[in-house]
Amino acid sequence: MKNRPNILFIVADQLKASALNIYNELGIETPSIEKLYREGVMFNNAITPHPLCVPARTSMMTGRYPHSTGCRLNQTLMPPKSNHLFKILKDEGYVTGLIGKNHCFVEKGDLDLFDVRCEISHRGLPAEENLGENVGNKGMEWIVDEEKINIANRTRNNMKNYRKSPRIAYASTNYPLEHYSSSLISKQSIEFLKNYKTGEYNKNSKKLRPFSLLVSFPDPHEPYETPDIYKKMFPPEQIQLPPQRYNEFSDGTAPERNRVLAEIFRHDKDEEIYIRSLISTYFGMIKFIDDSIGKILDVMDQFDLRKNTIIIFTSDHGDFMGEHGMSVKGGVFYDCLVKVPLVISWLDGGFAKGTKDESMVNTVDILPTLLNFLNIKSIPSKFENGNYENLDFLQGDLLPTVTDSKPRYAAFSEYGAGGEAFTMEKLNKMNRPFGYNTLIDTLWARESEGRRKMVRTKKWKYITDPLAEGSTLNSGSDGGPGNIDELYDLENDPWELYNIAHLGEHTEIITELRRLLLNWMINTEDNNPIKLSSRLGPTN
């Protein structure tokens, strides 16, 4: 046990990969994240299993896709008695901590697994009425007075006062820097490391137990607010906007659900300075996170904890943030929403440093990879019968480069719980002007509609919904296409501005991508895989 590595799992919320310079030339420089890359491995094509908070987080923690966990909505959190990262590590004797946004664990049995738990979310300290937030700390009090934390979140709780249009709201403020969530999470994490270093969490143990700490930043998820000092780092006039195609949703090639989202939230009626300022605020939030990560890494170096600590940095999903003329997110599969940063650094891990892995991977691969690092091949049975079970329940694969696993050709994502389509006809019955309030008012309907699936290779992306009626017909409620298939040529159209699924010349590639989707669905459909016999029959 003494040689087991520590684990520092850092998760940002709604951070798209293209917002970082290491992934895209329009992104910003993030020295701390780049340091992890220089000392580890960056995965250039990491995909979320679901571009929504809870389904993505529960899948990341269980190594299983949402159609297997049952967590397909933000209202369906980690099911009771699930096998997940922190249950496994607790059974292995780890000191466990969660600092920051939870939005994953709500069952008492799961919350009890954490030796330290200090939650803070998008609008401050947890509130009883917010599902996925748990009031009260465990194992450590906030090092800043809670009233000061509440004061620093007043702006986030009153964003209507900072709205520039029905679609855009952002703010920069000047509360004490140490009272913002990114700084608080950093300071609280450092306090955890100090307590660990001084033996606070090992008093009742004969051996030095390793730690596993989840550091979960609620930013850069909306509300979009950042300290003035960070906003000023990214002058709006210097922001380079991503490429646009202004008839993208009106030329008869976009599915109805994409058109609905654009009708609600596209910024084509907004002044460009507001769009630039919104992106500037988002970048400021990211830079604040990066600085906060840097402070944690500095303390780990100071305490000589870096060498034997596995550090994972990723995000649950992305944000439009200017791409396709929108911001926030909304149940579609553009790369700005499904492609996330993923960096793994372990100085004692033995893999090549400063490596960029180009194969297709998924954040469900993180758990099996960690268990591989720890040489964990079986876990206590969840049925509490004293037996051990193997890891067949895992649907993720080992990540290449950091293990001996071969590079993979495709990655998958999904959305929807089988509900009715939210159509343009339904949208047009709602109050105008459309905007953020409409986005929230239609949230549950749009989250649950359909059961669409995405497969992505380095060159192609294909999206289909097996439940959509007339998927190749002009059957939308507004006279345009219904929820038709999507196909994007990522080599020639990296910003995914042209859906070319309707072109007959791509029939062969669509057939191949459908085959990949079908194989994935079959391979992950069994909740309890049956162990096959190694014998030909009962007598041999």
# chains A, B, ... in the order shown; residues from 1 in each chain; ligands from 1
call {"tool": "residues_around", "arguments": {"residues": "stretch 388-405 of chain A", "least_positions_apart": "6", "cutoff": "6 Å", "atoms": "only C-alpha atoms", "output": "list in words"}}
result
Gly63, Arg64, Phe351, Val364, Asp365, Pro368, Thr369, Ser378, Ile379, Pro380 and Ser381 of chain A
call {"tool": "residues_around", "arguments": {"residues": "stretch 300-304 of chain A", "least_positions_apart": "2", "cutoff": "9 Å", "atoms": "only C-alpha atoms", "output": "VMD selection string"}}
result
chain A and resid 190 193 to 194 197 295 to 298 306 to 308
call {"tool": "select_by_dssp", "arguments": {"residues": "stretch 67-237 of chain A", "states": "alpha helix (DSSP H)", "output": "PDB file with C-alpha atoms, in the first residue's frame"}}
result
ATOM      1  CA  HIS A  67     -27.435   4.341 -21.195  1.00  0.00           C
ATOM      2  CA  SER A  68     -25.952   1.848 -18.699  1.00  0.00           C
ATOM      3  CA  THR A  69     -25.806   4.008 -15.558  1.00  0.00           C
ATOM      4  CA  LEU A  85     -13.944   5.625  -8.420  1.00  0.00           C
ATOM      5  CA  PHE A  86     -14.270   6.788  -4.819  1.00  0.00           C
ATOM      6  CA  LYS A  87     -16.011   3.636  -3.608  1.00  0.00           C
ATOM      7  CA  ILE A  88     -13.204   1.549  -5.085  1.00  0.00           C
ATOM      8  CA  LEU A  89     -10.473   3.792  -3.677  1.00  0.00           C
ATOM      9  CA  LYS A  90     -12.088   3.898  -0.239  1.00  0.00           C
ATOM     10  CA  ASP A  91     -12.130   0.098  -0.219  1.00  0.00           C
ATOM     11  CA  LYS A 108     -25.669   9.006   1.954  1.00  0.00           C
ATOM     12  CA  GLY A 109     -23.583   5.901   1.354  1.00  0.00           C
ATOM     13  CA  ASP A 110     -21.604   7.743  -1.324  1.00  0.00           C
ATOM     14  CA  LEU A 111     -21.226  10.982   0.631  1.00  0.00           C
ATOM     15  CA  GLU A 146     -19.101  31.715   4.808  1.00  0.00           C
ATOM     16  CA  GLU A 147     -20.780  35.125   4.895  1.00  0.00           C
ATOM     17  CA  LYS A 148     -17.901  36.549   2.867  1.00  0.00           C
ATOM     18  CA  ILE A 149     -18.335  33.717   0.369  1.00  0.00           C
ATOM     19  CA  ASN A 150     -22.033  34.562   0.118  1.00  0.00           C
ATOM     20  CA  ILE A 151     -21.239  38.240  -0.476  1.00  0.00           C
ATOM     21  CA  ALA A 152     -18.806  37.339  -3.259  1.00  0.00           C
ATOM     22  CA  SER A 181     -14.853  29.960  -5.921  1.00  0.00           C
ATOM     23  CA  SER A 182     -11.729  29.232  -8.002  1.00  0.00           C
ATOM     24  CA  SER A 183      -9.476  30.734  -5.345  1.00  0.00           C
ATOM     25  CA  LEU A 184     -11.451  29.127  -2.501  1.00  0.00           C
ATOM     26  CA  ILE A 185     -11.164  25.687  -4.075  1.00  0.00           C
ATOM     27  CA  SER A 186      -7.442  26.161  -4.558  1.00  0.00           C
ATOM     28  CA  LYS A 187      -6.880  27.295  -0.955  1.00  0.00           C
ATOM     29  CA  GLN A 188      -9.076  24.520   0.425  1.00  0.00           C
ATOM     30  CA  SER A 189      -7.207  21.933  -1.643  1.00  0.00           C
ATOM     31  CA  ILE A 190      -3.891  23.261  -0.372  1.00  0.00           C
ATOM     32  CA  GLU A 191      -5.208  22.977   3.189  1.00  0.00           C
ATOM     33  CA  PHE A 192      -6.121  19.340   2.468  1.00  0.00           C
ATOM     34  CA  LEU A 193      -2.576  18.699   1.217  1.00  0.00           C
ATOM     35  CA  LYS A 194      -1.071  20.379   4.282  1.00  0.00           C
ATOM     36  CA  ASN A 195      -3.203  18.249   6.591  1.00  0.00           C
ATOM     37  CA  TYR A 196      -2.232  15.152   4.646  1.00  0.00           C
ATOM     38  CA  LYS A 197       1.452  16.018   4.788  1.00  0.00           C
ATOM     39  CA  ASP A 228     -11.829  42.568 -13.039  1.00  0.00           C
ATOM     40  CA  ILE A 229      -8.142  41.671 -13.028  1.00  0.00           C
ATOM     41  CA  TYR A 230      -8.819  38.584 -15.148  1.00  0.00           C
ATOM     42  CA  LYS A 231     -11.288  40.254 -17.494  1.00  0.00           C
TER      43      LYS A 231
END
call {"tool": "closest_residue", "arguments": {"among": "A:Val11, A:Val54, A:Ile168, A:Val144", "to": "A:Asn437", "atoms": "only C-alpha atoms"}}
result
A:Ile168
call {"tool": "closest_residue", "arguments": {"among": "A:Ile264, A:Ile279, A:Ala254, A:Met42", "to": "A:Ile484", "atoms": "only C-alpha atoms"}}
result
A:Ala254
call {"tool": "decode", "arguments": {"residues": "stretch 63-74 of chain A", "atoms": "all heavy atoms", "output": "mmCIF file, in the first residue's frame"}}
result
data_model
loop_
_atom_site.group_PDB
_atom_site.id
_atom_site.type_symbol
_atom_site.label_atom_id
_atom_site.label_comp_id
_atom_site.auth_asym_id
_atom_site.auth_seq_id
_atom_site.Cartn_x
_atom_site.Cartn_y
_atom_site.Cartn_z
ATOM 1 N N GLY A 63 -16.989 4.736 -15.279
ATOM 2 C CA GLY A 63 -16.441 4.071 -16.456
ATOM 3 C C GLY A 63 -17.510 3.421 -17.301
ATOM 4 O O GLY A 63 -17.246 2.482 -18.046
ATOM 5 N N ARG A 64 -18.747 3.949 -17.229
ATOM 6 C CA ARG A 64 -19.886 3.375 -17.947
ATOM 7 C C ARG A 64 -20.655 4.496 -18.647
ATOM 8 O O ARG A 64 -20.720 5.620 -18.147
ATOM 9 C CB ARG A 64 -20.815 2.625 -16.983
ATOM 10 C CG ARG A 64 -20.152 1.429 -16.335
ATOM 11 C CD ARG A 64 -20.977 0.861 -15.189
ATOM 12 N NE ARG A 64 -22.276 0.384 -15.626
ATOM 13 C CZ ARG A 64 -22.479 -0.776 -16.259
ATOM 14 N NH1 ARG A 64 -21.451 -1.557 -16.547
ATOM 15 N NH2 ARG A 64 -23.687 -1.169 -16.594
ATOM 16 N N TYR A 65 -21.249 4.168 -19.773
ATOM 17 C CA TYR A 65 -22.002 5.160 -20.540
ATOM 18 C C TYR A 65 -23.357 5.443 -19.894
ATOM 19 O O TYR A 65 -23.901 4.608 -19.158
ATOM 20 C CB TYR A 65 -22.186 4.679 -21.976
ATOM 21 C CG TYR A 65 -20.908 4.733 -22.779
ATOM 22 C CD1 TYR A 65 -20.115 3.601 -22.932
ATOM 23 C CD2 TYR A 65 -20.473 5.922 -23.359
ATOM 24 C CE1 TYR A 65 -18.932 3.643 -23.654
ATOM 25 C CE2 TYR A 65 -19.283 5.973 -24.084
ATOM 26 C CZ TYR A 65 -18.517 4.830 -24.222
ATOM 27 O OH TYR A 65 -17.342 4.883 -24.923
ATOM 28 N N PRO A 66 -23.938 6.612 -20.168
ATOM 29 C CA PRO A 66 -25.218 6.970 -19.540
ATOM 30 C C PRO A 66 -26.341 5.968 -19.785
ATOM 31 O O PRO A 66 -27.196 5.780 -18.927
ATOM 32 C CB PRO A 66 -25.531 8.332 -20.167
ATOM 33 C CG PRO A 66 -24.193 8.908 -20.483
ATOM 34 C CD PRO A 66 -23.360 7.742 -20.928
ATOM 35 N N HIS A 67 -26.356 5.308 -20.957
ATOM 36 C CA HIS A 67 -27.435 4.341 -21.195
ATOM 37 C C HIS A 67 -27.297 3.127 -20.284
ATOM 38 O O HIS A 67 -28.256 2.362 -20.143
ATOM 39 C CB HIS A 67 -27.472 3.925 -22.669
ATOM 40 C CG HIS A 67 -26.271 3.175 -23.160
ATOM 41 N ND1 HIS A 67 -25.290 3.771 -23.917
ATOM 42 C CD2 HIS A 67 -25.877 1.883 -23.000
ATOM 43 C CE1 HIS A 67 -24.372 2.875 -24.220
ATOM 44 N NE2 HIS A 67 -24.689 1.732 -23.675
ATOM 45 N N SER A 68 -26.141 2.947 -19.650
ATOM 46 C CA SER A 68 -25.952 1.848 -18.699
ATOM 47 C C SER A 68 -26.108 2.300 -17.251
ATOM 48 O O SER A 68 -26.634 1.567 -16.410
ATOM 49 C CB SER A 68 -24.572 1.208 -18.887
ATOM 50 O OG SER A 68 -24.492 0.541 -20.119
ATOM 51 N N THR A 69 -25.639 3.504 -16.932
ATOM 52 C CA THR A 69 -25.806 4.008 -15.558
ATOM 53 C C THR A 69 -27.258 4.401 -15.286
ATOM 54 O O THR A 69 -27.690 4.418 -14.138
ATOM 55 C CB THR A 69 -24.916 5.242 -15.309
ATOM 56 O OG1 THR A 69 -25.337 6.314 -16.170
ATOM 57 C CG2 THR A 69 -23.451 4.927 -15.553
ATOM 58 N N GLY A 70 -28.000 4.754 -16.360
ATOM 59 C CA GLY A 70 -29.349 5.285 -16.185
ATOM 60 C C GLY A 70 -29.356 6.780 -15.941
ATOM 61 O O GLY A 70 -30.417 7.394 -15.815
ATOM 62 N N CYS A 71 -28.175 7.389 -15.890
ATOM 63 C CA CYS A 71 -28.061 8.833 -15.635
ATOM 64 C C CYS A 71 -28.059 9.575 -16.971
ATOM 65 O O CYS A 71 -27.005 9.905 -17.513
ATOM 66 C CB CYS A 71 -26.799 9.139 -14.848
ATOM 67 S SG CYS A 71 -26.692 8.258 -13.282
ATOM 68 N N ARG A 72 -29.249 9.831 -17.501
ATOM 69 C CA ARG A 72 -29.361 10.494 -18.796
ATOM 70 C C ARG A 72 -29.822 11.941 -18.677
ATOM 71 O O ARG A 72 -29.915 12.659 -19.670
ATOM 72 C CB ARG A 72 -30.337 9.735 -19.693
ATOM 73 C CG ARG A 72 -29.951 8.289 -19.960
ATOM 74 C CD ARG A 72 -30.842 7.723 -21.062
ATOM 75 N NE ARG A 72 -30.621 6.304 -21.230
ATOM 76 C CZ ARG A 72 -31.482 5.361 -20.833
ATOM 77 N NH1 ARG A 72 -32.601 5.728 -20.227
ATOM 78 N NH2 ARG A 72 -31.233 4.097 -21.038
ATOM 79 N N LEU A 73 -30.152 12.356 -17.465
ATOM 80 C CA LEU A 73 -30.638 13.718 -17.215
ATOM 81 C C LEU A 73 -29.865 14.321 -16.054
ATOM 82 O O LEU A 73 -29.249 13.605 -15.261
ATOM 83 C CB LEU A 73 -32.133 13.699 -16.864
ATOM 84 C CG LEU A 73 -33.084 12.981 -17.824
ATOM 85 C CD1 LEU A 73 -34.469 12.869 -17.192
ATOM 86 C CD2 LEU A 73 -33.167 13.731 -19.141
ATOM 87 N N ASN A 74 -29.938 15.623 -15.911
ATOM 88 C CA ASN A 74 -29.309 16.275 -14.760
ATOM 89 C C ASN A 74 -30.051 15.988 -13.461
ATOM 90 O O ASN A 74 -29.568 16.306 -12.377
ATOM 91 C CB ASN A 74 -29.223 17.786 -14.979
ATOM 92 C CG ASN A 74 -27.877 18.211 -15.530
ATOM 93 O OD1 ASN A 74 -26.944 17.418 -15.592
ATOM 94 N ND2 ASN A 74 -27.766 19.464 -15.928
#
